[in-house]
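One structure below.
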Amino acid sequence: MTRRVPRAFYDADARDVAPRLLNKVLVAGPVAARIVEVEAYAGAEDPGSHSYRGPTARNATMFGRPGLLYVYFTYGMHFCANAVCGPGDTPTAVLLRGLTPLRGLEIMRARRPKARRDAELCAGPGRIGQAFGLTRDHDGADLVRADRGVTIVDDGTPAPDEPGVTTRVGLREGAGDALLWRFTVPGAVGLSRPT
DNA sequence: ACCGGGATGTTCT
DNA sequence: GAACATCCCGGTG
């Protein structure tokens, strides 16, 4: 059983959507993997968010409708993927940080020859971009319509009742101990770090 | 296992 | 000109 995830699912604050996105499945053509680690990014009140200082050419997709895929380029070599949330036109988003590979493992291995183990294929936001072949061409794709072959589906696995909750990773601004906006499936394969 | 630094180029100040 | 929602490699213990 595989259900489409409707737009209404994304039409709420990323901090509410993020834990509910756990155990859903990211699909890009023949490649699929289970979402086991995410981070929420809010808008004007979140100094760690790309949308904090208002719209720019790069973050335009975050200001679009909930359910879009926001792909950004960072550190001169990595593409990272987010699900745009809301509510409404509020520019929040959920960063995908860790996935458990499910289908298309051979393709992922070919795209990520440096990965030593399958658990490393999608363990980290930049690695997800590599394994799924994401580039700026995917920025703005509509996940709800499987635009450009990219979508998120529900295969019947519920989100955990008690997800792991920690601070966000890799930030200067917005890294405060009070901002517990990283969510994980405890013990899952494909986490970017153990906890 | 843990840590430090280099890669690489876009984006914003 | 600095920062960057990162990754990989080579050092040391």
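Ligands are numbered from 1 in the order shown, residues from 1 within each chain, and chains are lettered A, B, ... in the order they appear in the structure tokens.
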Next on the checklist: Show me, as a VMD selection string, the residues of chain B whose atoms get within 10 Å of chain A, using only C-alpha atoms (C1' of nucleotides) for the distance check.
Outcome noted: chain B and resid 7 to 12
Since we have the selection now, will you write its residues out, keeping C-alpha atoms (C1' of nucleotides), as an mmCIF file, in the first residue's frame?
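Resulting contents of again-v2.cif:
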```cif
data_model
loop_
_atom_site.group_PDB
_atom_site.id
_atom_site.type_symbol
_atom_site.label_atom_id
_atom_site.label_comp_id
_atom_site.auth_asym_id
_atom_site.auth_seq_id
_atom_site.Cartn_x
_atom_site.Cartn_y
_atom_site.Cartn_z
ATOM 1 C "C1'" DA B 7 37.912 21.080 -1.641
ATOM 2 C "C1'" DT B 8 34.960 24.002 -4.456
ATOM 3 C "C1'" DG B 9 31.894 27.874 -6.112
ATOM 4 C "C1'" DT B 10 27.607 30.373 -5.124
ATOM 5 C "C1'" DT B 11 25.498 33.818 -2.412
ATOM 6 C "C1'" DC B 12 25.196 37.737 0.188
#
```
Next on the checklist: Based on the backbone DSSP call, show me all residues of range 80-172 of chain A assigned alpha helix (DSSP H), as a list in words.
Outcome noted: Leu105, Glu106, Ile107, Met108, Arg109, Ala110, Arg111, Pro125, Gly126, Arg127, Ile128, Gly129, Gln130 and Ala131 of chain A
Checklist entry - Could you list, as a VMD selection string, every residue of chain A that has an atom within 12 Å of an atom of chain C, counting only C-alpha atoms (C1' of nucleotides)? => result chain A and resid 38 to 41 47 to 51 71 to 82 93 to 97 112 114 to 116 120 123 to 130 168 to 175 182 192
Next on the checklist: To test your reading of the structure, identify every residue in chain A that backbone DSSP assigns to strand (DSSP E), and report it as a PyMOL selection string.
Outcome noted: chain A and resi 3-4+25-28+31-41+69-74+78-84+93-103+150-154+164-166+182-184
Would you list the contacts of Tyr10 in chain A as a short mmCIF file (atom, residue, chain, number, x, y, z; two decimals) with C-alpha atoms, in the first residue's frame, taking every protein, DNA or RNA residue within 10 Å and counting only C-alpha atoms (C1' of nucleotides), but skipping same-chain residues closer than 2 positions in sequence?
```
data_model
loop_
_atom_site.label_atom_id
_atom_site.label_comp_id
_atom_site.auth_asym_id
_atom_site.auth_seq_id
_atom_site.Cartn_x
_atom_site.Cartn_y
_atom_site.Cartn_z
CA VAL A 5 0.98 12.62 0.41
CA PRO A 6 -1.53 15.45 -0.11
CA ARG A 7 -0.66 19.12 -0.16
CA ALA A 8 -2.53 19.69 3.11
CA ALA A 12 1.60 23.69 8.44
CA ASP A 13 4.68 24.97 10.24
CA ALA A 14 7.79 22.93 9.41
CA ASP A 16 5.00 20.36 13.12
CA VAL A 17 5.47 18.69 9.73
CA ALA A 18 9.05 17.51 10.35
CA ARG A 20 5.36 13.55 10.86
CA LEU A 21 7.56 13.20 7.76
CA ARG A 65 3.38 26.86 -1.98
CA PRO A 66 3.68 24.01 0.53
CA GLY A 67 4.66 20.72 -1.10
CA LEU A 68 7.41 22.08 -3.33
CA ALA A 83 10.14 19.94 1.62
CA VAL A 84 8.56 23.40 1.61
CA CYS A 85 5.94 23.85 4.34
CA GLY A 86 3.65 26.63 5.52
CA PRO A 87 1.22 27.49 6.85
CA GLY A 88 0.11 29.18 3.64
CA THR A 92 9.25 27.27 6.39
CA ALA A 93 10.84 24.03 5.21
CA VAL A 94 12.02 20.59 6.34
CA VAL A 144 2.50 16.43 -4.60
#
```
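Between CA of Pro101 in chain A and CA of Gly156 in chain A the separation is 16.7 Å.
Proximity ranking of A:Arg111, A:Thr166, A:Met1, A:Leu26 relative to Val150 in chain A places A:Leu26 first, based on only C-alpha atoms.
Candidate residues A:Thr100, A:Thr61, A:Thr135, A:Thr90 were compared for distance to Ala33 in chain A, and the nearest is A:Thr100, using only C-alpha atoms.
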